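File shown: model_17.txt. Contents: compact mmCIF, C-alpha atoms.
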# COMPACT_ATOMS: atom_id res chain seq x y z
CA ASP A 1 22.94 56.42 12.94
CA ALA A 2 21.45 53.71 15.10
CA LYS A 3 19.06 51.27 13.47
CA THR A 4 15.38 51.88 14.09
CA THR A 5 12.38 49.63 13.52
CA GLN A 6 8.81 50.80 12.98
CA PRO A 7 5.56 49.12 12.01
CA THR A 8 4.96 49.26 8.28
CA SER A 9 1.50 50.76 8.50
CA MET A 10 -1.15 51.98 10.92
CA ASP A 11 -4.65 53.37 10.75
CA CYS A 12 -6.18 55.93 13.09
CA ALA A 13 -9.65 57.44 13.21
CA GLU A 14 -9.89 61.16 12.58
CA GLY A 15 -9.96 63.12 15.83
CA ARG A 16 -8.34 60.35 17.85
CA ALA A 17 -4.78 60.24 19.10
CA ALA A 18 -2.33 58.51 16.79
CA ASN A 19 0.44 56.68 18.64
CA LEU A 20 3.40 55.66 16.47
CA PRO A 21 6.00 53.39 18.08
CA CYS A 22 9.68 53.13 17.24
CA ASN A 23 12.39 50.82 18.53
CA HIS A 24 15.96 52.09 18.66
CA SER A 25 17.62 49.59 20.98
CA THR A 26 21.16 50.36 19.76
CA ILE A 27 20.95 54.09 20.35
CA SER A 28 24.09 55.53 21.90
CA GLY A 29 24.06 57.73 24.97
CA ASN A 30 24.29 61.05 23.19
CA GLU A 31 22.23 60.34 20.09
CA TYR A 32 18.87 62.02 19.81
CA VAL A 33 15.58 60.60 18.55
CA TYR A 34 14.12 62.54 15.62
CA TRP A 35 10.77 62.18 13.93
CA TYR A 36 10.07 63.34 10.41
CA ARG A 37 7.17 62.75 8.06
CA GLN A 38 6.63 62.92 4.34
CA ILE A 39 3.21 63.80 3.03
CA HIS A 40 2.81 62.35 -0.45
CA SER A 41 5.81 63.66 -2.44
CA GLN A 42 6.39 66.81 -0.44
CA GLY A 43 9.71 67.45 1.26
CA PRO A 44 10.28 65.59 4.51
CA GLN A 45 9.00 67.61 7.43
CA TYR A 46 10.65 67.72 10.83
CA ILE A 47 8.20 67.00 13.66
CA ILE A 48 9.99 66.70 16.98
CA HIS A 49 13.14 65.40 18.65
CA GLY A 50 14.36 64.49 22.11
CA LEU A 51 17.20 62.96 24.09
CA LYS A 52 15.68 61.34 27.16
CA ASN A 53 12.93 63.57 28.45
CA ASN A 54 9.46 63.65 27.01
CA GLU A 55 8.95 66.52 24.61
CA THR A 56 5.91 68.38 23.30
CA ASN A 57 5.50 71.00 20.63
CA GLU A 58 2.64 72.36 18.58
CA MET A 59 2.62 69.32 16.31
CA ALA A 60 3.15 66.33 18.55
CA SER A 61 4.44 64.77 21.74
CA LEU A 62 7.39 62.43 22.04
CA ILE A 63 7.57 59.85 24.79
CA ILE A 64 10.98 58.19 25.27
CA THR A 65 11.31 55.19 27.54
CA GLU A 66 13.64 55.43 30.48
CA ASP A 67 16.13 53.02 28.91
CA ARG A 68 15.90 55.04 25.66
CA LYS A 69 15.45 51.90 23.60
CA SER A 70 12.08 52.92 22.25
CA SER A 71 9.86 55.93 21.79
CA THR A 72 6.33 56.85 20.78
CA LEU A 73 5.23 59.77 18.69
CA ILE A 74 1.78 61.01 19.63
CA LEU A 75 -0.40 63.12 17.36
CA PRO A 76 -3.08 64.13 19.87
CA HIS A 77 -5.99 64.83 17.53
CA ALA A 78 -5.25 63.34 14.16
CA THR A 79 -6.67 65.00 11.06
CA LEU A 80 -6.82 63.82 7.47
CA ARG A 81 -3.81 66.03 6.74
CA ASP A 82 -1.73 63.87 9.07
CA THR A 83 -1.88 61.00 6.59
CA ALA A 84 1.79 60.51 5.70
CA VAL A 85 4.81 58.26 6.08
CA TYR A 86 6.46 58.82 9.47
CA TYR A 87 10.16 58.22 10.02
CA CYS A 88 11.92 57.73 13.31
CA ARG A 89 15.67 58.26 13.29
CA SER A 90 18.30 58.16 16.05
CA ASN A 91 21.51 60.04 15.33
CA PHE A 92 22.87 63.55 15.47
CA GLY A 93 20.89 66.28 13.78
CA ASN A 94 23.57 67.19 11.28
CA GLU A 95 24.30 63.63 10.19
CA LYS A 96 22.96 62.41 6.87
CA LEU A 97 19.44 61.06 7.10
CA THR A 98 18.58 57.65 5.76
CA PHE A 99 14.92 57.07 5.04
CA GLY A 100 13.82 53.48 5.25
CA THR A 101 10.25 52.31 5.01
CA GLY A 102 8.88 54.22 8.01
CA THR A 103 5.25 53.87 9.14
CA ARG A 104 2.53 54.70 6.65
CA LEU A 105 -0.16 56.33 8.80
CA THR A 106 -3.64 56.55 7.33
CA ILE A 107 -6.20 58.74 9.04
CA ILE A 108 -9.67 57.40 8.46
CA PRO A 109 -12.64 59.80 8.32
CA GLU B 110 8.89 80.53 10.68
CA PRO B 111 12.00 80.49 8.46
CA GLU B 112 11.90 78.04 5.56
CA VAL B 113 14.21 76.42 3.07
CA THR B 114 13.21 77.58 -0.41
CA GLN B 115 14.01 75.83 -3.67
CA THR B 116 13.79 77.02 -7.25
CA PRO B 117 12.53 76.13 -9.72
CA SER B 118 9.70 73.90 -8.54
CA HIS B 119 9.83 72.00 -11.82
CA GLN B 120 12.70 71.80 -14.32
CA VAL B 121 12.46 70.09 -17.67
CA THR B 122 15.77 69.48 -19.43
CA GLN B 123 17.02 67.59 -22.46
CA MET B 124 19.30 64.64 -21.79
CA GLY B 125 22.93 65.66 -21.87
CA GLN B 126 22.26 69.22 -20.82
CA GLU B 127 23.55 70.82 -17.66
CA VAL B 128 21.10 71.77 -14.95
CA ILE B 129 21.48 73.83 -11.79
CA LEU B 130 19.07 73.47 -8.92
CA ARG B 131 18.96 76.29 -6.44
CA CYS B 132 18.28 76.41 -2.74
CA VAL B 133 18.16 79.15 -0.15
CA PRO B 134 18.77 77.54 3.24
CA ILE B 135 17.55 79.01 6.50
CA SER B 136 19.70 82.06 7.13
CA ASN B 137 21.62 81.08 10.27
CA HIS B 138 22.13 77.45 9.25
CA LEU B 139 25.61 76.20 8.47
CA TYR B 140 25.04 72.58 7.36
CA PHE B 141 23.53 71.98 3.93
CA TYR B 142 22.34 68.84 2.21
CA TRP B 143 20.90 67.51 -1.01
CA TYR B 144 18.66 64.46 -1.20
CA ARG B 145 16.75 62.99 -4.09
CA GLN B 146 13.67 60.83 -4.47
CA ILE B 147 12.97 58.88 -7.62
CA LEU B 148 9.23 58.48 -8.17
CA GLY B 149 7.84 55.78 -5.92
CA GLN B 150 11.11 55.19 -4.13
CA LYS B 151 12.59 56.35 -0.83
CA VAL B 152 14.42 59.60 -0.19
CA GLU B 153 18.17 59.10 -0.75
CA PHE B 154 21.05 61.15 0.62
CA LEU B 155 23.32 62.73 -1.98
CA VAL B 156 25.72 65.10 -0.24
CA SER B 157 26.33 67.21 2.83
CA PHE B 158 28.25 70.47 2.89
CA TYR B 159 29.82 72.40 5.73
CA ASN B 160 32.41 75.15 5.98
CA ASN B 161 32.58 75.48 2.20
CA GLU B 162 33.42 71.90 1.52
CA ILE B 163 31.73 68.55 1.06
CA SER B 164 31.63 66.69 4.37
CA GLU B 165 30.06 63.48 3.07
CA LYS B 166 28.70 62.16 -0.21
CA SER B 167 26.93 59.03 -1.33
CA GLU B 168 27.72 56.67 -4.20
CA ILE B 169 25.07 58.45 -6.23
CA PHE B 170 27.02 61.70 -6.08
CA ASP B 171 29.51 60.94 -8.85
CA ASP B 172 31.62 63.26 -11.00
CA GLN B 173 28.53 64.51 -12.82
CA PHE B 174 27.35 66.21 -9.65
CA SER B 175 28.77 69.24 -7.89
CA VAL B 176 27.63 71.60 -5.17
CA GLU B 177 28.48 75.19 -4.51
CA ARG B 178 27.67 77.96 -2.11
CA PRO B 179 28.33 80.88 -4.45
CA ASP B 180 27.35 83.56 -1.98
CA GLY B 181 26.10 83.90 1.57
CA SER B 182 22.60 82.73 0.84
CA ASN B 183 22.42 80.24 -2.03
CA PHE B 184 23.35 76.56 -2.18
CA THR B 185 23.31 74.93 -5.60
CA LEU B 186 23.39 71.44 -7.06
CA LYS B 187 24.75 71.12 -10.59
CA ILE B 188 24.37 68.09 -12.80
CA ARG B 189 26.78 68.47 -15.71
CA SER B 190 25.38 66.08 -18.30
CA THR B 191 21.97 64.86 -17.30
CA LYS B 192 20.79 61.31 -17.87
CA LEU B 193 17.27 59.94 -18.00
CA GLU B 194 17.81 58.29 -14.63
CA ASP B 195 18.45 61.68 -13.03
CA SER B 196 14.71 62.35 -13.24
CA ALA B 197 13.60 62.72 -9.62
CA MET B 198 12.55 65.13 -6.90
CA TYR B 199 15.57 66.88 -5.43
CA PHE B 200 15.30 68.14 -1.88
CA CYS B 201 17.59 70.63 -0.21
CA ALA B 202 17.91 70.70 3.57
CA SER B 203 19.80 72.73 6.13
CA SER B 204 20.55 72.53 9.83
CA ALA B 205 22.03 74.79 12.48
CA ILE B 206 25.53 74.76 13.94
CA ASP B 207 24.22 72.93 17.01
CA SER B 208 24.60 69.25 16.06
CA ARG B 209 21.50 68.38 18.03
CA LYS B 210 19.25 70.49 15.84
CA PRO B 211 17.18 68.78 13.13
CA GLN B 212 17.33 69.23 9.39
CA HIS B 213 14.72 71.34 7.65
CA PHE B 214 13.74 70.53 4.10
CA GLY B 215 12.54 72.53 1.16
CA ASP B 216 9.57 71.56 -0.99
CA GLY B 217 11.84 70.18 -3.68
CA THR B 218 12.51 70.60 -7.38
CA ARG B 219 10.98 68.09 -9.74
CA LEU B 220 13.60 67.39 -12.42
CA SER B 221 12.35 65.78 -15.62
CA ILE B 222 14.91 64.65 -18.18
CA LEU B 223 13.60 64.14 -21.71
Please lay out the structure from this file as structure tokens.
Amino acid sequence: DAKTTQPTSMDCAEGRAANLPCNHSTISGNEYVYWYRQIHSQGPQYIIHGLKNNETNEMASLIITEDRKSSTLILPHATLRDTAVYYCRSNFGNEKLTFGTGTRLTIIP
Amino acid sequence: EPEVTQTPSHQVTQMGQEVILRCVPISNHLYFYWYRQILGQKVEFLVSFYNNEISEKSEIFDDQFSVERPDGSNFTLKIRSTKLEDSAMYFCASSAIDSRKPQHFGDGTRLSIL
């Protein structure tokens, strides 16, 4: 489980793209980057993951730099329901997850 | 889309009593986990379970805790003699055999110890 660093908080206007950065400079060659979020006290929700190629699904896009030392989660059209704490992790999917502070994203009407 | 389901959503128990929290993981998943979140704090790992045995556990997961997969669908967390400090949200998660696949979480059980 490589260490990751994220900004503590971010704001984004409703309808705009939210870009959440994450640094994972110690990631090993076969570890994936995973993004989860927790809305209020709900269960953590998986968003997206990737190894080295950019990925897109119905929730978000994931851009991973070529050196794999950082990534950006993009929510293309943020809504108020996207207000949550977002966690970036780099490990294997079946390893225990450790939730640090993450990025508290606030979507502003 | 398949989901992890947890029951009950809220459990109120007297201190010292035993409690069992239940989870139904996604059907083709083979890795199972329990996490907890004390109010206002971060989500903490408790235990992971694979191939009918504990694969890893945290310091929190002491002798008062146990896990079981009693049949092909349920995964349970038992706390033998509950303490006030066990009050928390308990989340179950599961993941597929492919180690690259992510974990999927249930909505949690809120455990309140009186």
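Using all atoms listed in the file, the smallest distance between any of A:Tyr34, A:Lys3, A:Ser28, A:Asn19 and Asn94 of chain A comes from A:Tyr34.
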*asked:* (16.5, 65.1, 11.7) in this file's frame - what residues fall within 6 Å of it? Use all atoms listed in the file and give the answer as a PyMOL selection string.
replied: (chain A and resi 34+93) or (chain B and resi 211-212)
_Shell of 8 Å around Trp143 of chain B, all atoms listed in the file, local chain residues under 6 positions omitted, as a PyMOL selection string_ = chain B and resi 154-157+186+199-202
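Residue nearest Gly181 of chain B within the list B:Leu223, B:Leu193, B:Ile135, B:Leu130: B:Ile135 [criterion: smallest interatomic distance, all atoms listed in the file].
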Please identify all polymer residues within 6 Å of Ser203 of chain B, counting all atoms listed in the file, omitting same-chain residues fewer than 4 positions from it, and present them as a PDB file with C-alpha atoms, in the frame of the given file.
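Once everything was written out, this is selection33.pdb:
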ATOM      1  CA  PRO B 134      18.770  77.540   3.240  1.00  0.00           C
ATOM      2  CA  TYR B 140      25.040  72.580   7.360  1.00  0.00           C
ATOM      3  CA  PHE B 141      23.530  71.980   3.930  1.00  0.00           C
ATOM      4  CA  GLN B 212      17.330  69.230   9.390  1.00  0.00           C
ATOM      5  CA  HIS B 213      14.720  71.340   7.650  1.00  0.00           C
TER       6      HIS B 213
END
*Given a cut-off of 9 Å, which residues of chain A touch chain B, counting only C-alpha atoms, written out as a list in words?*
Glu31, Tyr32, Tyr34, Ser41, Gln42, Gly43, Pro44, Gln45, Tyr46, Ile48, His49, Asn91, Phe92, Gly93, Asn94, Glu95, Lys96, Leu97, Thr98, Phe99, Gly100 and Thr101 of chain A
_Top pick for closest residue to His77 of chain A, considering A:Ser61, A:Lys52, A:Arg16, A:Ile108 and counting all atoms listed in the file_ = A:Arg16
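Nearest to Thr72 of chain A of all the residues A:Asn23, A:Asn57, A:Thr106, A:Ser90 is A:Asn23, counting only C-alpha atoms.
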*Could you give me, as a ChimeraX atom specification, the residues within 8 Å of Leu73 of chain A, counting all atoms listed in the file and dropping anything in the same chain fewer than 6 positions from it?*
/A:18-21,35,60-63
*In terms of the shortest atom-to-atom distance over only C-alpha atoms, which of A:Leu51, A:Ser71, A:Glu58, A:Arg89 is closest to Gly29 of chain A?*
A:Leu51
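Omitting Lys69 of chain A and its sequence neighbours fewer than 3 positions away, and counting all atoms listed in the file, the residues within 9 Å are Cys22, Asn23, His24, Ser25, Thr26, Ile27, Ile64, Thr65 and Glu66 of chain A.
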